[in-house]
Amino acid sequence: MKTIINDAQKNWYAVKILFESIHSGTANLDKIDEADYDSSKKLYEESIILVEAATIKNAYEIAEEQAYRTEHEYLNTYEQLVKWRFVKLLHVFELNDNQLNSGTEVYSRFIHARKEDDIKDIINRYYPEALDPKEEPKPDG
């Protein structure tokens, strides 16, 4: 027997998803811009989507379906085939608000840090993209 759930029984969830960019083929050397091209690194995307679901388990299922539908491929500037592949659902966060308005929190997490860590350590470790361009990330110790 299938249970019917109405919208009043559903909640909003923010789901964090990890994708991997898989590059194949040899780059066209005539198109390489030394400043932008680095074949020694891999690229991942962390994406956060909103899902309306009756349960956290249902939110996982919906998000996983969406993640697989989001996979795609294309030829990049260097004429390599780029495939974006779903890797893993990282976290599901139930929103406290059922109505989405400006300022509604859509994702939150607690960061457990060592007592000796200062804010620069936290930014370096978890948010290196937020560093001032003149600052280099320091090795995590």
# chains A, B, ... in the order shown; residues from 1 in each chain; ligands from 1
$ residues_around --residues "Leu50 of chain A" --least-positions-apart "5" --cutoff "7 Å" --atoms "only C-alpha atoms" --output "ChimeraX atom specification"
/A:12-15
$ select_by_dssp --residues "segment 7-75 of chain A" --states "helix (DSSP H, G or I)" --output "VMD selection string"
chain A and resid 7 to 9 29 to 31 56 to 70
$ residues_around --residues "Phe93 of chain A" --least-positions-apart "6" --cutoff "12 Å" --atoms "only C-alpha atoms" --output "PDB file with N, CA and C atoms, in the first residue's frame"
ATOM      1  N   ASN A  11       9.203  18.696   3.988  1.00  0.00           N
ATOM      2  CA  ASN A  11      10.152  19.694   4.481  1.00  0.00           C
ATOM      3  C   ASN A  11      11.153  19.996   3.380  1.00  0.00           C
ATOM      4  N   TRP A  12      11.861  21.106   3.548  1.00  0.00           N
ATOM      5  CA  TRP A  12      12.933  21.468   2.628  1.00  0.00           C
ATOM      6  C   TRP A  12      14.263  20.992   3.196  1.00  0.00           C
ATOM      7  N   TYR A  13      15.101  20.492   2.311  1.00  0.00           N
ATOM      8  CA  TYR A  13      16.432  20.020   2.675  1.00  0.00           C
ATOM      9  C   TYR A  13      17.448  20.632   1.719  1.00  0.00           C
ATOM     10  N   ALA A  14      18.605  20.981   2.259  1.00  0.00           N
ATOM     11  CA  ALA A  14      19.743  21.370   1.426  1.00  0.00           C
ATOM     12  C   ALA A  14      20.639  20.141   1.358  1.00  0.00           C
ATOM     13  N   VAL A  15      20.985  19.746   0.151  1.00  0.00           N
ATOM     14  CA  VAL A  15      21.790  18.541  -0.035  1.00  0.00           C
ATOM     15  C   VAL A  15      23.099  18.925  -0.712  1.00  0.00           C
ATOM     16  N   LYS A  16      24.201  18.570  -0.057  1.00  0.00           N
ATOM     17  CA  LYS A  16      25.528  18.856  -0.602  1.00  0.00           C
ATOM     18  C   LYS A  16      25.982  17.648  -1.415  1.00  0.00           C
ATOM     19  N   ILE A  17      26.364  17.920  -2.672  1.00  0.00           N
ATOM     20  CA  ILE A  17      26.727  16.871  -3.622  1.00  0.00           C
ATOM     21  C   ILE A  17      28.144  17.122  -4.129  1.00  0.00           C
ATOM     22  N   ILE A  48      25.278  22.529  -3.821  1.00  0.00           N
ATOM     23  CA  ILE A  48      24.228  22.417  -2.813  1.00  0.00           C
ATOM     24  C   ILE A  48      22.904  22.702  -3.499  1.00  0.00           C
ATOM     25  N   ILE A  49      21.996  21.717  -3.435  1.00  0.00           N
ATOM     26  CA  ILE A  49      20.685  21.881  -4.056  1.00  0.00           C
ATOM     27  C   ILE A  49      19.598  21.841  -2.986  1.00  0.00           C
ATOM     28  N   LEU A  50      18.454  22.410  -3.301  1.00  0.00           N
ATOM     29  CA  LEU A  50      17.293  22.352  -2.424  1.00  0.00           C
ATOM     30  C   LEU A  50      16.391  21.219  -2.880  1.00  0.00           C
ATOM     31  N   VAL A  51      15.894  20.452  -1.906  1.00  0.00           N
ATOM     32  CA  VAL A  51      15.015  19.324  -2.191  1.00  0.00           C
ATOM     33  C   VAL A  51      13.831  19.397  -1.239  1.00  0.00           C
ATOM     34  N   GLU A  52      12.639  19.211  -1.770  1.00  0.00           N
ATOM     35  CA  GLU A  52      11.450  19.116  -0.929  1.00  0.00           C
ATOM     36  C   GLU A  52      11.101  17.640  -0.804  1.00  0.00           C
ATOM     37  N   ALA A  53      11.027  17.148   0.437  1.00  0.00           N
ATOM     38  CA  ALA A  53      10.811  15.717   0.652  1.00  0.00           C
ATOM     39  C   ALA A  53      10.106  15.480   1.980  1.00  0.00           C
ATOM     40  N   THR A  55      10.866  12.885   4.077  1.00  0.00           N
ATOM     41  CA  THR A  55      11.814  12.390   5.080  1.00  0.00           C
ATOM     42  C   THR A  55      13.233  12.661   4.600  1.00  0.00           C
ATOM     43  N   ILE A  56      14.179  12.545   5.512  1.00  0.00           N
ATOM     44  CA  ILE A  56      15.576  12.729   5.128  1.00  0.00           C
ATOM     45  C   ILE A  56      16.000  11.635   4.143  1.00  0.00           C
ATOM     46  N   LYS A  57      15.507  10.413   4.335  1.00  0.00           N
ATOM     47  CA  LYS A  57      15.815   9.316   3.406  1.00  0.00           C
ATOM     48  C   LYS A  57      15.288   9.648   2.015  1.00  0.00           C
ATOM     49  N   ALA A  59      14.786  12.624   0.850  1.00  0.00           N
ATOM     50  CA  ALA A  59      15.611  13.725   0.331  1.00  0.00           C
ATOM     51  C   ALA A  59      16.884  13.173  -0.313  1.00  0.00           C
ATOM     52  N   TYR A  60      17.511  12.179   0.325  1.00  0.00           N
ATOM     53  CA  TYR A  60      18.693  11.525  -0.255  1.00  0.00           C
ATOM     54  C   TYR A  60      18.355  10.919  -1.620  1.00  0.00           C
ATOM     55  N   ALA A  63      17.714  13.647  -4.254  1.00  0.00           N
ATOM     56  CA  ALA A  63      18.972  14.326  -4.595  1.00  0.00           C
ATOM     57  C   ALA A  63      19.874  13.431  -5.438  1.00  0.00           C
ATOM     58  N   GLU A 105      18.149  30.480   5.738  1.00  0.00           N
ATOM     59  CA  GLU A 105      19.370  29.672   5.780  1.00  0.00           C
ATOM     60  C   GLU A 105      19.139  28.395   4.976  1.00  0.00           C
ATOM     61  N   VAL A 106      20.019  28.146   4.001  1.00  0.00           N
ATOM     62  CA  VAL A 106      19.866  26.950   3.174  1.00  0.00           C
ATOM     63  C   VAL A 106      20.923  25.894   3.468  1.00  0.00           C
ATOM     64  N   TYR A 107      21.951  26.256   4.202  1.00  0.00           N
ATOM     65  CA  TYR A 107      22.944  25.250   4.569  1.00  0.00           C
ATOM     66  C   TYR A 107      23.736  25.753   5.758  1.00  0.00           C
ATOM     67  N   SER A 108      24.124  24.819   6.620  1.00  0.00           N
ATOM     68  CA  SER A 108      24.934  25.147   7.784  1.00  0.00           C
ATOM     69  C   SER A 108      25.670  23.887   8.211  1.00  0.00           C
ATOM     70  N   ARG A 109      26.843  24.076   8.761  1.00  0.00           N
ATOM     71  CA  ARG A 109      27.563  22.953   9.351  1.00  0.00           C
ATOM     72  C   ARG A 109      28.422  23.489  10.478  1.00  0.00           C
ATOM     73  N   PHE A 110      28.727  22.623  11.432  1.00  0.00           N
ATOM     74  CA  PHE A 110      29.633  22.970  12.509  1.00  0.00           C
ATOM     75  C   PHE A 110      31.022  22.489  12.125  1.00  0.00           C
TER      76      PHE A 110
END
$ closest_residue --among "A:Ala27, A:Leu18, A:Val92, A:Ala113" --to "Thr70 of chain A" --atoms "only C-alpha atoms"
A:Leu18
$ atom_distance --atom1 "atom CA of Gly25 of chain A" --atom2 "atom CA of Ser39 of chain A"
11.5 Å
$ closest_residue --among "A:His23, A:Ala54, A:Lys10, A:Pro133" --to "Ser40 of chain A" --atoms "only C-alpha atoms"
A:His23
$ atom_distance --atom1 "atom CA of Arg85 of chain A" --atom2 "atom CA of Ile22 of chain A"
7.5 Å
$ residues_around --residues "Glu71 of chain A" --least-positions-apart "5" --cutoff "12 Å" --atoms "only C-alpha atoms" --output "tab-separated table (two decimals) with C-alpha atoms, in the first residue's frame"
chain	number	residue	atom	x	y	z
A	17	ILE	CA	26.73	16.87	-3.62
A	18	LEU	CA	30.24	16.16	-4.90
A	19	PHE	CA	30.97	15.92	-8.64
A	20	GLU	CA	34.26	15.03	-10.35
A	21	SER	CA	35.49	16.44	-13.64
A	22	ILE	CA	37.16	13.68	-15.65
A	45	GLU	CA	32.57	20.62	-7.74
A	64	GLU	CA	20.75	11.23	-5.90
A	65	GLU	CA	18.36	11.05	-8.87
A	66	GLN	CA	18.95	14.74	-9.55
A	82	VAL	CA	35.27	16.55	-20.05
A	83	LYS	CA	32.82	14.33	-18.16
A	84	TRP	CA	31.18	15.63	-15.00
A	85	ARG	CA	30.30	12.61	-12.87
A	86	PHE	CA	28.37	12.33	-9.63
A	87	VAL	CA	30.64	11.04	-6.85
$ select_by_dssp --residues "segment 85-123 of chain A" --states "strand (DSSP E)" --output "PyMOL selection string"
chain A and resi 85-94
$ write_last_selection --atoms "N, CA and C atoms" --output "CSV table (one decimal), in the first residue's frame"
chain,number,residue,atom,x,y,z
A,85,ARG,N,30.9,13.8,-13.4
A,85,ARG,CA,30.3,12.6,-12.9
A,85,ARG,C,30.0,12.8,-11.4
A,86,PHE,N,28.8,12.3,-11.0
A,86,PHE,CA,28.4,12.3,-9.6
A,86,PHE,C,29.3,11.4,-8.8
A,87,VAL,N,29.8,11.9,-7.7
A,87,VAL,CA,30.6,11.0,-6.8
A,87,VAL,C,29.9,10.6,-5.6
A,88,LYS,N,29.3,11.5,-4.9
A,88,LYS,CA,28.8,11.2,-3.6
A,88,LYS,C,27.8,12.3,-3.0
A,89,LEU,N,26.8,11.9,-2.3
A,89,LEU,CA,26.0,12.8,-1.5
A,89,LEU,C,26.8,13.0,-0.2
A,90,LEU,N,27.2,14.3,0.1
A,90,LEU,CA,28.1,14.5,1.2
A,90,LEU,C,27.3,14.8,2.5
A,91,HIS,N,26.1,15.5,2.4
A,91,HIS,CA,25.4,15.9,3.6
A,91,HIS,C,24.0,16.3,3.2
A,92,VAL,N,23.1,16.0,4.1
A,92,VAL,CA,21.7,16.5,4.0
A,92,VAL,C,21.4,17.3,5.2
A,93,PHE,N,20.9,18.5,5.0
A,93,PHE,CA,20.6,19.5,6.1
A,93,PHE,C,19.2,19.9,6.0
A,94,GLU,N,18.4,19.5,7.0
A,94,GLU,CA,17.0,19.9,7.0
A,94,GLU,C,16.8,21.4,7.4
$ atom_distance --atom1 "atom CA of Thr77 of chain A" --atom2 "atom CA of Lys41 of chain A"
16.6 Å
$ closest_residue --among "A:His112, A:Arg69, A:Lys42, A:Arg125" --to "Ser24 of chain A" --atoms "only C-alpha atoms"
A:Lys42
